[in-house]
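Enquirer: Just one file: target-v2.txt, with compact mmCIF, N, CA and C atoms.
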```txt
# COMPACT_ATOMS: atom_id res chain seq x y z
N MET A 1 0.83 -1.18 0.00
CA MET A 1 0.00 0.00 0.00
C MET A 1 0.87 1.25 0.00
N LYS A 2 1.99 1.18 0.81
CA LYS A 2 2.90 2.33 0.85
C LYS A 2 3.50 2.59 -0.53
N ARG A 3 3.84 1.49 -1.21
CA ARG A 3 4.44 1.65 -2.53
C ARG A 3 3.45 2.32 -3.50
N LEU A 4 2.18 1.95 -3.41
CA LEU A 4 1.15 2.54 -4.27
C LEU A 4 1.00 4.03 -4.01
N ILE A 5 0.99 4.41 -2.75
CA ILE A 5 0.88 5.83 -2.39
C ILE A 5 2.10 6.58 -2.88
N LEU A 6 3.28 6.00 -2.73
CA LEU A 6 4.50 6.65 -3.22
C LEU A 6 4.49 6.79 -4.74
N ALA A 7 3.98 5.79 -5.42
CA ALA A 7 3.93 5.85 -6.88
C ALA A 7 3.00 6.97 -7.34
N PHE A 8 1.82 7.08 -6.72
CA PHE A 8 0.89 8.16 -7.09
C PHE A 8 1.47 9.53 -6.74
N THR A 9 2.15 9.65 -5.63
CA THR A 9 2.77 10.91 -5.23
C THR A 9 3.86 11.27 -6.22
N ALA A 10 4.65 10.30 -6.62
CA ALA A 10 5.74 10.55 -7.58
C ALA A 10 5.15 10.99 -8.92
N MET A 11 4.04 10.35 -9.34
CA MET A 11 3.41 10.73 -10.61
C MET A 11 2.85 12.15 -10.54
N ALA A 12 2.27 12.50 -9.42
CA ALA A 12 1.64 13.81 -9.29
C ALA A 12 2.66 14.93 -9.36
N PHE A 13 3.88 14.66 -8.85
CA PHE A 13 4.89 15.73 -8.82
C PHE A 13 5.92 15.58 -9.93
N SER A 14 5.75 14.64 -10.84
CA SER A 14 6.73 14.47 -11.92
C SER A 14 6.50 15.56 -12.96
N PRO A 15 7.55 15.96 -13.66
CA PRO A 15 7.42 17.04 -14.66
C PRO A 15 6.49 16.69 -15.82
N VAL A 16 6.31 15.42 -16.13
CA VAL A 16 5.44 15.03 -17.23
C VAL A 16 3.98 15.37 -16.92
N PHE A 17 3.54 15.11 -15.72
CA PHE A 17 2.16 15.39 -15.33
C PHE A 17 1.95 16.85 -14.94
N ALA A 18 3.00 17.57 -14.69
CA ALA A 18 2.88 18.97 -14.29
C ALA A 18 2.66 19.90 -15.47
N GLN A 19 2.92 19.43 -16.68
CA GLN A 19 2.76 20.29 -17.86
C GLN A 19 1.27 20.54 -18.14
N ALA A 20 1.00 21.69 -18.71
CA ALA A 20 -0.37 22.04 -19.08
C ALA A 20 -0.81 21.18 -20.26
N PRO A 21 -2.07 20.83 -20.31
CA PRO A 21 -2.53 20.02 -21.45
C PRO A 21 -2.40 20.81 -22.75
N GLU A 22 -2.19 20.09 -23.82
CA GLU A 22 -2.00 20.72 -25.12
C GLU A 22 -3.32 21.32 -25.61
N GLN A 23 -3.28 22.54 -26.12
CA GLN A 23 -4.49 23.20 -26.62
C GLN A 23 -4.89 22.60 -27.97
N GLN A 24 -6.18 22.24 -28.10
CA GLN A 24 -6.67 21.71 -29.36
C GLN A 24 -7.31 22.83 -30.17
N SER A 25 -7.27 22.69 -31.46
CA SER A 25 -7.83 23.70 -32.34
C SER A 25 -9.36 23.61 -32.34
N ILE A 26 -10.01 24.75 -32.44
CA ILE A 26 -11.47 24.80 -32.50
C ILE A 26 -11.98 24.73 -33.95
N VAL A 27 -11.07 24.80 -34.90
CA VAL A 27 -11.44 24.82 -36.32
C VAL A 27 -12.24 23.58 -36.74
N PRO A 28 -11.83 22.35 -36.40
CA PRO A 28 -12.64 21.20 -36.81
C PRO A 28 -14.08 21.23 -36.26
N THR A 29 -14.22 21.72 -35.05
CA THR A 29 -15.56 21.83 -34.46
C THR A 29 -16.40 22.84 -35.23
N LEU A 30 -15.80 23.98 -35.56
CA LEU A 30 -16.53 25.00 -36.33
C LEU A 30 -16.92 24.49 -37.71
N ILE A 31 -16.01 23.73 -38.33
CA ILE A 31 -16.32 23.18 -39.65
C ILE A 31 -17.48 22.19 -39.55
N LEU A 32 -17.48 21.36 -38.51
CA LEU A 32 -18.56 20.40 -38.32
C LEU A 32 -19.91 21.10 -38.13
N PHE A 33 -19.95 22.10 -37.25
CA PHE A 33 -21.21 22.82 -37.02
C PHE A 33 -21.64 23.61 -38.27
N GLY A 34 -20.69 24.18 -38.97
CA GLY A 34 -21.01 24.89 -40.21
C GLY A 34 -21.60 23.95 -41.25
N GLY A 35 -21.00 22.76 -41.38
CA GLY A 35 -21.51 21.76 -42.32
C GLY A 35 -22.91 21.31 -41.95
N MET A 36 -23.15 21.13 -40.65
CA MET A 36 -24.49 20.72 -40.21
C MET A 36 -25.51 21.80 -40.52
N PHE A 37 -25.15 23.07 -40.33
CA PHE A 37 -26.07 24.16 -40.63
C PHE A 37 -26.39 24.21 -42.13
N VAL A 38 -25.38 24.03 -42.97
CA VAL A 38 -25.60 24.05 -44.42
C VAL A 38 -26.56 22.92 -44.83
N VAL A 39 -26.35 21.74 -44.29
CA VAL A 39 -27.23 20.61 -44.60
C VAL A 39 -28.65 20.89 -44.13
N MET A 40 -28.80 21.41 -42.92
CA MET A 40 -30.14 21.74 -42.40
C MET A 40 -30.81 22.81 -43.26
N TYR A 41 -30.05 23.79 -43.72
CA TYR A 41 -30.60 24.86 -44.54
C TYR A 41 -31.18 24.29 -45.84
N PHE A 42 -30.39 23.45 -46.52
CA PHE A 42 -30.84 22.94 -47.81
C PHE A 42 -31.89 21.85 -47.70
N LEU A 43 -31.95 21.14 -46.59
CA LEU A 43 -32.94 20.08 -46.45
C LEU A 43 -34.24 20.53 -45.79
N MET A 44 -34.19 21.58 -44.96
CA MET A 44 -35.38 21.97 -44.22
C MET A 44 -35.80 23.41 -44.44
N ILE A 45 -34.91 24.34 -44.23
CA ILE A 45 -35.28 25.76 -44.23
C ILE A 45 -35.63 26.25 -45.62
N ARG A 46 -34.79 25.99 -46.60
CA ARG A 46 -35.00 26.51 -47.95
C ARG A 46 -36.29 25.97 -48.59
N PRO A 47 -36.57 24.65 -48.52
CA PRO A 47 -37.84 24.17 -49.10
C PRO A 47 -39.07 24.78 -48.43
N GLN A 48 -39.02 24.99 -47.12
CA GLN A 48 -40.16 25.60 -46.42
C GLN A 48 -40.36 27.03 -46.88
N GLN A 49 -39.27 27.78 -47.04
CA GLN A 49 -39.39 29.16 -47.52
C GLN A 49 -39.95 29.19 -48.94
N LYS A 50 -39.55 28.23 -49.75
CA LYS A 50 -40.04 28.16 -51.13
C LYS A 50 -41.55 27.89 -51.16
N ARG A 51 -42.02 26.94 -50.33
CA ARG A 51 -43.45 26.65 -50.25
C ARG A 51 -44.24 27.86 -49.74
N ALA A 52 -43.70 28.56 -48.76
CA ALA A 52 -44.38 29.74 -48.22
C ALA A 52 -44.48 30.84 -49.28
N LYS A 53 -43.44 31.01 -50.07
CA LYS A 53 -43.46 32.01 -51.13
C LYS A 53 -44.51 31.65 -52.19
N GLN A 54 -44.58 30.37 -52.57
CA GLN A 54 -45.57 29.94 -53.55
C GLN A 54 -46.99 30.16 -53.02
N HIS A 55 -47.22 29.90 -51.73
CA HIS A 55 -48.54 30.09 -51.15
C HIS A 55 -48.91 31.57 -51.13
N ARG A 56 -47.96 32.44 -50.78
CA ARG A 56 -48.21 33.89 -50.81
C ARG A 56 -48.59 34.35 -52.21
N GLU A 57 -47.86 33.85 -53.22
CA GLU A 57 -48.17 34.22 -54.61
C GLU A 57 -49.56 33.73 -55.00
N LEU A 58 -49.93 32.52 -54.57
CA LEU A 58 -51.26 31.99 -54.85
C LEU A 58 -52.33 32.87 -54.22
N ILE A 59 -52.17 33.22 -52.97
CA ILE A 59 -53.15 34.05 -52.25
C ILE A 59 -53.29 35.42 -52.92
N ASN A 60 -52.19 36.00 -53.35
CA ASN A 60 -52.23 37.33 -53.97
C ASN A 60 -52.79 37.31 -55.39
N SER A 61 -52.77 36.15 -56.05
CA SER A 61 -53.24 36.09 -57.44
C SER A 61 -54.71 35.71 -57.56
N LEU A 62 -55.41 35.50 -56.46
CA LEU A 62 -56.82 35.09 -56.51
C LEU A 62 -57.71 36.19 -57.05
N LYS A 63 -58.77 35.78 -57.75
CA LYS A 63 -59.75 36.74 -58.26
C LYS A 63 -61.13 36.10 -58.18
N VAL A 64 -62.15 36.92 -58.28
CA VAL A 64 -63.53 36.44 -58.21
C VAL A 64 -63.77 35.46 -59.35
N GLY A 65 -64.42 34.33 -59.02
CA GLY A 65 -64.73 33.31 -60.01
C GLY A 65 -63.75 32.15 -59.99
N ASP A 66 -62.60 32.30 -59.33
CA ASP A 66 -61.64 31.19 -59.25
C ASP A 66 -62.23 30.06 -58.41
N GLU A 67 -61.87 28.85 -58.78
CA GLU A 67 -62.29 27.68 -58.03
C GLU A 67 -61.14 27.24 -57.15
N ILE A 68 -61.43 27.04 -55.86
CA ILE A 68 -60.38 26.82 -54.88
C ILE A 68 -60.67 25.58 -54.04
N LEU A 69 -59.63 25.10 -53.39
CA LEU A 69 -59.75 24.05 -52.39
C LEU A 69 -59.31 24.67 -51.07
N LEU A 70 -60.22 24.64 -50.08
CA LEU A 70 -59.89 25.18 -48.77
C LEU A 70 -59.18 24.11 -47.94
N SER A 71 -58.44 24.53 -46.93
CA SER A 71 -57.72 23.57 -46.10
C SER A 71 -58.66 22.65 -45.34
N SER A 72 -59.92 23.03 -45.21
CA SER A 72 -60.91 22.17 -44.55
C SER A 72 -61.42 21.07 -45.49
N GLY A 73 -61.08 21.17 -46.77
CA GLY A 73 -61.50 20.16 -47.73
C GLY A 73 -62.63 20.59 -48.64
N PHE A 74 -63.19 21.76 -48.40
CA PHE A 74 -64.29 22.26 -49.23
C PHE A 74 -63.77 22.70 -50.59
N VAL A 75 -64.51 22.35 -51.63
CA VAL A 75 -64.26 22.87 -52.97
C VAL A 75 -65.26 24.00 -53.15
N ALA A 76 -64.78 25.17 -53.58
CA ALA A 76 -65.66 26.33 -53.63
C ALA A 76 -65.27 27.25 -54.79
N ARG A 77 -66.18 28.17 -55.08
CA ARG A 77 -65.93 29.22 -56.07
C ARG A 77 -65.93 30.56 -55.34
N ILE A 78 -64.96 31.40 -55.62
CA ILE A 78 -64.84 32.69 -54.94
C ILE A 78 -65.93 33.63 -55.43
N ARG A 79 -66.67 34.21 -54.49
CA ARG A 79 -67.71 35.20 -54.78
C ARG A 79 -67.23 36.62 -54.51
N ALA A 80 -66.46 36.81 -53.45
CA ALA A 80 -65.95 38.15 -53.11
C ALA A 80 -64.63 37.98 -52.35
N ILE A 81 -63.76 38.98 -52.52
CA ILE A 81 -62.45 38.95 -51.85
C ILE A 81 -62.23 40.30 -51.17
N ASP A 82 -61.80 40.26 -49.92
CA ASP A 82 -61.31 41.50 -49.30
C ASP A 82 -59.91 41.23 -48.78
N GLU A 83 -59.40 42.11 -47.95
CA GLU A 83 -57.99 42.04 -47.54
C GLU A 83 -57.65 40.74 -46.81
N ASN A 84 -58.51 40.29 -45.92
CA ASN A 84 -58.19 39.11 -45.10
C ASN A 84 -59.11 37.92 -45.33
N TYR A 85 -60.29 38.14 -45.92
CA TYR A 85 -61.28 37.08 -46.04
C TYR A 85 -61.74 36.88 -47.47
N VAL A 86 -62.28 35.70 -47.72
CA VAL A 86 -62.84 35.34 -49.02
C VAL A 86 -64.24 34.80 -48.79
N SER A 87 -65.20 35.27 -49.56
CA SER A 87 -66.54 34.68 -49.54
C SER A 87 -66.57 33.64 -50.65
N ALA A 88 -66.86 32.40 -50.26
CA ALA A 88 -66.79 31.30 -51.21
C ALA A 88 -68.10 30.53 -51.22
N GLU A 89 -68.56 30.18 -52.41
CA GLU A 89 -69.78 29.41 -52.57
C GLU A 89 -69.41 27.93 -52.59
N ILE A 90 -69.91 27.17 -51.61
CA ILE A 90 -69.60 25.74 -51.53
C ILE A 90 -70.72 24.87 -52.09
N ALA A 91 -71.89 25.44 -52.26
CA ALA A 91 -73.03 24.76 -52.86
C ALA A 91 -73.93 25.86 -53.41
N PRO A 92 -74.90 25.52 -54.26
CA PRO A 92 -75.78 26.58 -54.77
C PRO A 92 -76.44 27.35 -53.63
N ASN A 93 -76.27 28.65 -53.62
CA ASN A 93 -76.81 29.58 -52.63
C ASN A 93 -76.29 29.34 -51.21
N VAL A 94 -75.14 28.69 -51.07
CA VAL A 94 -74.50 28.51 -49.76
C VAL A 94 -73.13 29.15 -49.83
N VAL A 95 -73.00 30.29 -49.14
CA VAL A 95 -71.75 31.05 -49.19
C VAL A 95 -71.15 31.07 -47.79
N ILE A 96 -69.86 30.76 -47.72
CA ILE A 96 -69.14 30.82 -46.44
C ILE A 96 -68.05 31.87 -46.54
N LYS A 97 -67.61 32.31 -45.39
CA LYS A 97 -66.52 33.27 -45.34
C LYS A 97 -65.32 32.56 -44.72
N ALA A 98 -64.18 32.62 -45.39
CA ALA A 98 -62.97 31.94 -44.92
C ALA A 98 -61.78 32.89 -44.99
N GLN A 99 -60.80 32.64 -44.17
CA GLN A 99 -59.57 33.43 -44.24
C GLN A 99 -58.84 33.11 -45.53
N ARG A 100 -58.16 34.09 -46.08
CA ARG A 100 -57.41 33.85 -47.32
C ARG A 100 -56.33 32.81 -47.12
N GLN A 101 -55.74 32.76 -45.92
CA GLN A 101 -54.68 31.80 -45.65
C GLN A 101 -55.19 30.36 -45.63
N ALA A 102 -56.52 30.17 -45.51
CA ALA A 102 -57.09 28.83 -45.48
C ALA A 102 -57.22 28.21 -46.87
N ILE A 103 -56.90 28.96 -47.90
CA ILE A 103 -56.96 28.43 -49.26
C ILE A 103 -55.70 27.63 -49.51
N SER A 104 -55.88 26.33 -49.81
CA SER A 104 -54.70 25.49 -49.98
C SER A 104 -54.27 25.37 -51.44
N SER A 105 -55.22 25.44 -52.38
CA SER A 105 -54.81 25.38 -53.78
C SER A 105 -55.87 25.96 -54.70
N LEU A 106 -55.44 26.29 -55.88
CA LEU A 106 -56.31 26.79 -56.94
C LEU A 106 -56.61 25.62 -57.86
N LEU A 107 -57.88 25.39 -58.12
CA LEU A 107 -58.30 24.24 -58.93
C LEU A 107 -58.47 24.64 -60.38
N PRO A 108 -58.39 23.68 -61.29
CA PRO A 108 -58.64 23.98 -62.70
C PRO A 108 -60.09 24.40 -62.91
N LYS A 109 -60.31 25.24 -63.89
CA LYS A 109 -61.67 25.70 -64.19
C LYS A 109 -62.56 24.51 -64.51
N GLY A 110 -63.79 24.55 -63.99
CA GLY A 110 -64.75 23.50 -64.24
C GLY A 110 -64.82 22.46 -63.14
N THR A 111 -63.90 22.43 -62.23
CA THR A 111 -63.90 21.44 -61.15
C THR A 111 -65.13 21.61 -60.26
N TYR A 112 -65.42 22.84 -59.90
CA TYR A 112 -66.55 23.13 -59.01
C TYR A 112 -67.86 22.74 -59.67
N LYS A 113 -68.04 23.09 -60.93
CA LYS A 113 -69.28 22.79 -61.65
C LYS A 113 -69.46 21.28 -61.78
N GLU A 114 -68.40 20.56 -62.11
CA GLU A 114 -68.48 19.11 -62.24
C GLU A 114 -68.88 18.47 -60.91
N LYS A 115 -68.36 18.99 -59.82
CA LYS A 115 -68.65 18.45 -58.49
C LYS A 115 -70.14 18.62 -58.17
N ILE A 116 -70.68 19.81 -58.44
CA ILE A 116 -72.10 20.08 -58.15
C ILE A 116 -72.99 19.23 -59.06
N ASP A 117 -72.66 19.14 -60.34
CA ASP A 117 -73.46 18.36 -61.27
C ASP A 117 -73.47 16.89 -60.88
N SER A 118 -72.34 16.34 -60.47
CA SER A 118 -72.30 14.92 -60.09
C SER A 118 -73.10 14.68 -58.82
N ASN A 119 -73.12 15.62 -57.88
CA ASN A 119 -73.91 15.48 -56.67
C ASN A 119 -75.40 15.54 -56.98
N ASN A 120 -75.82 16.45 -57.85
CA ASN A 120 -77.22 16.56 -58.22
C ASN A 120 -77.70 15.31 -58.94
N THR A 121 -76.87 14.75 -59.80
CA THR A 121 -77.22 13.54 -60.53
C THR A 121 -77.40 12.37 -59.56
N ALA A 122 -76.53 12.27 -58.57
CA ALA A 122 -76.63 11.19 -57.60
C ALA A 122 -77.90 11.31 -56.77
N GLU A 123 -78.29 12.54 -56.42
CA GLU A 123 -79.51 12.77 -55.62
C GLU A 123 -80.75 12.41 -56.43
N LYS A 124 -80.78 12.75 -57.72
CA LYS A 124 -81.93 12.45 -58.57
C LYS A 124 -82.08 10.94 -58.78
N ALA A 125 -80.97 10.22 -58.82
CA ALA A 125 -81.01 8.77 -59.06
C ALA A 125 -81.65 8.04 -57.87
N GLU A 126 -81.56 8.59 -56.69
CA GLU A 126 -82.13 7.94 -55.50
C GLU A 126 -83.59 8.11 -55.51
```
Let me see the structure of the file written as structure tokens.
Expert:
Amino acid sequence: MKRLILAFTAMAFSPVFAQAPEQQSIVPTLILFGGMFVVMYFLMIRPQQKRAKQHRELINSLKVGDEILLSSGFVARIRAIDENYVSAEIAPNVVIKAQRQAISSLLPKGTYKEKIDSNNTAEKAE
């Protein structure tokens, strides 16, 4: 036991253990974090910004008579537009008011009419 204590004491006071630890460069760490940020930007941030820009352009290009799909799933035709809201006809003589941001896509012309005609035909067949 005495020998073990002497060995640890000798190691603690030897010049090899008394030296300061060698300083490591921070450059590899910065390169790693920089690379991770670049990957995150191109895989997550940039595509989200692109989708948001396309949605803004869609919202700004709307006009009365356009056929739209709302985020709730309703297919409708725009009756009136103001700064924040859209009045949309979802069925004959049924008009709802929705936020412009709730519009998820612009549909091809004729989609709304085909939807109403197919529903009326199904009701008459019963």
Enquirer: For a test of reading the model, state the distance in Å between CA of Arg79 in chain A and CA of Val64 in chain A, rounded to one decimal.
Expert: 5.5 Å
Enquirer: Please give the complete set of residues from range 22-100 of chain A that DSSP, run on the backbone, assigns to helix (DSSP H, G or I), formatted as number ranges by chain.
Expert: A: 27-60, 100
Enquirer: Have a look at A:Val94, A:Val86, A:Val27, A:Leu32 and name the one nearest to Ile59 in chain A; count only C-alpha atoms.
Expert: A:Val86
Enquirer: At what distance in Å, to one decimal, does atom N of Leu43 in chain A lie from CA of Ser105 in chain A?
Expert: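 Atom N of Leu43 in chain A lies 24.3 Å from CA of Ser105 in chain A.
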Enquirer: One decimal, in Å: what's the spacing between atom N of Ala76 in chain A and CA of Ser104 in chain A?
Expert: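 Between these atoms lies a distance of 10.7 Å.
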Enquirer: Do a neighbour search on Leu69 in chain A at 7 Å with all atoms listed in the file, toss out local chain neighbours closer than 4 positions, and write the hits as a ChimeraX atom specification.
Expert: /A:73-76,102-107
Enquirer: Using only N, CA and C atoms, can you tell me which of A:Ile45, A:Lys53, A:Leu58, A:Tyr112 comes closest to Arg77 in chain A?
Expert: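 The shortest atom-to-atom distance to Arg77 in chain A comes from A:Tyr112.
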Enquirer: Please return as a PyMOL selection string: the residues of range 26-115 of chain A that backbone DSSP assigns to strand (DSSP E or B).
Expert: chain A and resi 67-70+75-81+85-91+94-99+103-106
Enquirer: So, counting only C-alpha atoms, which residue among A:Val39, A:Ile78, A:Leu30, A:Val95 is closest to Leu62 in chain A?
Expert: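 Distance minimum relative to Leu62 in chain A lands on A:Ile78.
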Enquirer: Can I get range 95-106 of chain A with all heavy atoms filled in, as a PDB file, in the coordinates of the input?
Expert:
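The result, stored in part.pdb:
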```pdb
ATOM      1  N   VAL A  95     -73.000  30.290 -49.140  1.00  0.00           N
ATOM      2  CA  VAL A  95     -71.750  31.050 -49.190  1.00  0.00           C
ATOM      3  C   VAL A  95     -71.150  31.070 -47.790  1.00  0.00           C
ATOM      4  O   VAL A  95     -71.838  31.342 -46.809  1.00  0.00           O
ATOM      5  CB  VAL A  95     -72.005  32.499 -49.689  1.00  0.00           C
ATOM      6  CG1 VAL A  95     -70.717  33.300 -49.698  1.00  0.00           C
ATOM      7  CG2 VAL A  95     -72.624  32.467 -51.077  1.00  0.00           C
ATOM      8  N   ILE A  96     -69.860  30.760 -47.720  1.00  0.00           N
ATOM      9  CA  ILE A  96     -69.140  30.820 -46.440  1.00  0.00           C
ATOM     10  C   ILE A  96     -68.050  31.870 -46.540  1.00  0.00           C
ATOM     11  O   ILE A  96     -67.647  32.265 -47.631  1.00  0.00           O
ATOM     12  CB  ILE A  96     -68.523  29.454 -46.064  1.00  0.00           C
ATOM     13  CG1 ILE A  96     -67.507  29.011 -47.116  1.00  0.00           C
ATOM     14  CG2 ILE A  96     -69.592  28.417 -45.850  1.00  0.00           C
ATOM     15  CD1 ILE A  96     -66.677  27.817 -46.697  1.00  0.00           C
ATOM     16  N   LYS A  97     -67.610  32.310 -45.390  1.00  0.00           N
ATOM     17  CA  LYS A  97     -66.520  33.270 -45.340  1.00  0.00           C
ATOM     18  C   LYS A  97     -65.320  32.560 -44.720  1.00  0.00           C
ATOM     19  O   LYS A  97     -65.441  31.950 -43.664  1.00  0.00           O
ATOM     20  CB  LYS A  97     -66.922  34.481 -44.499  1.00  0.00           C
ATOM     21  CG  LYS A  97     -66.069  35.681 -44.704  1.00  0.00           C
ATOM     22  CD  LYS A  97     -66.706  36.899 -44.054  1.00  0.00           C
ATOM     23  CE  LYS A  97     -66.102  38.142 -44.652  1.00  0.00           C
ATOM     24  NZ  LYS A  97     -66.742  39.344 -44.177  1.00  0.00           N
ATOM     25  N   ALA A  98     -64.180  32.620 -45.390  1.00  0.00           N
ATOM     26  CA  ALA A  98     -62.970  31.940 -44.920  1.00  0.00           C
ATOM     27  C   ALA A  98     -61.780  32.890 -44.990  1.00  0.00           C
ATOM     28  O   ALA A  98     -61.783  33.832 -45.796  1.00  0.00           O
ATOM     29  CB  ALA A  98     -62.693  30.710 -45.767  1.00  0.00           C
ATOM     30  N   GLN A  99     -60.800  32.640 -44.170  1.00  0.00           N
ATOM     31  CA  GLN A  99     -59.570  33.430 -44.240  1.00  0.00           C
ATOM     32  C   GLN A  99     -58.840  33.110 -45.530  1.00  0.00           C
ATOM     33  O   GLN A  99     -58.868  31.964 -45.998  1.00  0.00           O
ATOM     34  CB  GLN A  99     -58.650  33.131 -43.068  1.00  0.00           C
ATOM     35  CG  GLN A  99     -59.131  33.660 -41.755  1.00  0.00           C
ATOM     36  CD  GLN A  99     -58.125  33.382 -40.660  1.00  0.00           C
ATOM     37  OE1 GLN A  99     -57.381  32.415 -40.707  1.00  0.00           O
ATOM     38  NE2 GLN A  99     -58.112  34.253 -39.670  1.00  0.00           N
ATOM     39  N   ARG A 100     -58.160  34.090 -46.080  1.00  0.00           N
ATOM     40  CA  ARG A 100     -57.410  33.850 -47.320  1.00  0.00           C
ATOM     41  C   ARG A 100     -56.330  32.810 -47.120  1.00  0.00           C
ATOM     42  O   ARG A 100     -56.018  32.040 -48.020  1.00  0.00           O
ATOM     43  CB  ARG A 100     -56.797  35.158 -47.816  1.00  0.00           C
ATOM     44  CG  ARG A 100     -57.836  36.130 -48.355  1.00  0.00           C
ATOM     45  CD  ARG A 100     -57.221  37.411 -48.777  1.00  0.00           C
ATOM     46  NE  ARG A 100     -56.528  37.222 -50.050  1.00  0.00           N
ATOM     47  CZ  ARG A 100     -56.382  38.158 -50.956  1.00  0.00           C
ATOM     48  NH1 ARG A 100     -56.861  39.356 -50.751  1.00  0.00           N
ATOM     49  NH2 ARG A 100     -55.736  37.912 -52.072  1.00  0.00           N
ATOM     50  N   GLN A 101     -55.740  32.760 -45.920  1.00  0.00           N
ATOM     51  CA  GLN A 101     -54.680  31.800 -45.650  1.00  0.00           C
ATOM     52  C   GLN A 101     -55.190  30.360 -45.630  1.00  0.00           C
ATOM     53  O   GLN A 101     -54.405  29.429 -45.707  1.00  0.00           O
ATOM     54  CB  GLN A 101     -54.009  32.125 -44.308  1.00  0.00           C
ATOM     55  CG  GLN A 101     -53.316  33.465 -44.274  1.00  0.00           C
ATOM     56  CD  GLN A 101     -52.207  33.572 -45.307  1.00  0.00           C
ATOM     57  OE1 GLN A 101     -51.482  32.624 -45.548  1.00  0.00           O
ATOM     58  NE2 GLN A 101     -52.090  34.725 -45.938  1.00  0.00           N
ATOM     59  N   ALA A 102     -56.520  30.170 -45.510  1.00  0.00           N
ATOM     60  CA  ALA A 102     -57.090  28.830 -45.480  1.00  0.00           C
ATOM     61  C   ALA A 102     -57.220  28.210 -46.870  1.00  0.00           C
ATOM     62  O   ALA A 102     -57.591  27.052 -46.995  1.00  0.00           O
ATOM     63  CB  ALA A 102     -58.459  28.868 -44.803  1.00  0.00           C
ATOM     64  N   ILE A 103     -56.900  28.960 -47.900  1.00  0.00           N
ATOM     65  CA  ILE A 103     -56.960  28.430 -49.260  1.00  0.00           C
ATOM     66  C   ILE A 103     -55.700  27.630 -49.510  1.00  0.00           C
ATOM     67  O   ILE A 103     -54.595  28.147 -49.430  1.00  0.00           O
ATOM     68  CB  ILE A 103     -57.114  29.574 -50.288  1.00  0.00           C
ATOM     69  CG1 ILE A 103     -58.415  30.317 -50.031  1.00  0.00           C
ATOM     70  CG2 ILE A 103     -57.038  29.033 -51.703  1.00  0.00           C
ATOM     71  CD1 ILE A 103     -58.567  31.583 -50.825  1.00  0.00           C
ATOM     72  N   SER A 104     -55.880  26.330 -49.810  1.00  0.00           N
ATOM     73  CA  SER A 104     -54.700  25.490 -49.980  1.00  0.00           C
ATOM     74  C   SER A 104     -54.270  25.370 -51.440  1.00  0.00           C
ATOM     75  O   SER A 104     -53.093  25.206 -51.710  1.00  0.00           O
ATOM     76  CB  SER A 104     -54.938  24.105 -49.387  1.00  0.00           C
ATOM     77  OG  SER A 104     -56.020  23.487 -50.014  1.00  0.00           O
ATOM     78  N   SER A 105     -55.220  25.440 -52.380  1.00  0.00           N
ATOM     79  CA  SER A 105     -54.810  25.380 -53.780  1.00  0.00           C
ATOM     80  C   SER A 105     -55.870  25.960 -54.700  1.00  0.00           C
ATOM     81  O   SER A 105     -57.035  26.078 -54.336  1.00  0.00           O
ATOM     82  CB  SER A 105     -54.492  23.936 -54.190  1.00  0.00           C
ATOM     83  OG  SER A 105     -55.643  23.148 -54.107  1.00  0.00           O
ATOM     84  N   LEU A 106     -55.440  26.290 -55.880  1.00  0.00           N
ATOM     85  CA  LEU A 106     -56.310  26.790 -56.940  1.00  0.00           C
ATOM     86  C   LEU A 106     -56.610  25.620 -57.860  1.00  0.00           C
ATOM     87  O   LEU A 106     -55.706  24.906 -58.288  1.00  0.00           O
ATOM     88  CB  LEU A 106     -55.584  27.911 -57.703  1.00  0.00           C
ATOM     89  CG  LEU A 106     -56.338  28.630 -58.796  1.00  0.00           C
ATOM     90  CD1 LEU A 106     -57.537  29.367 -58.213  1.00  0.00           C
ATOM     91  CD2 LEU A 106     -55.424  29.614 -59.510  1.00  0.00           C
TER      92      LEU A 106
END
```
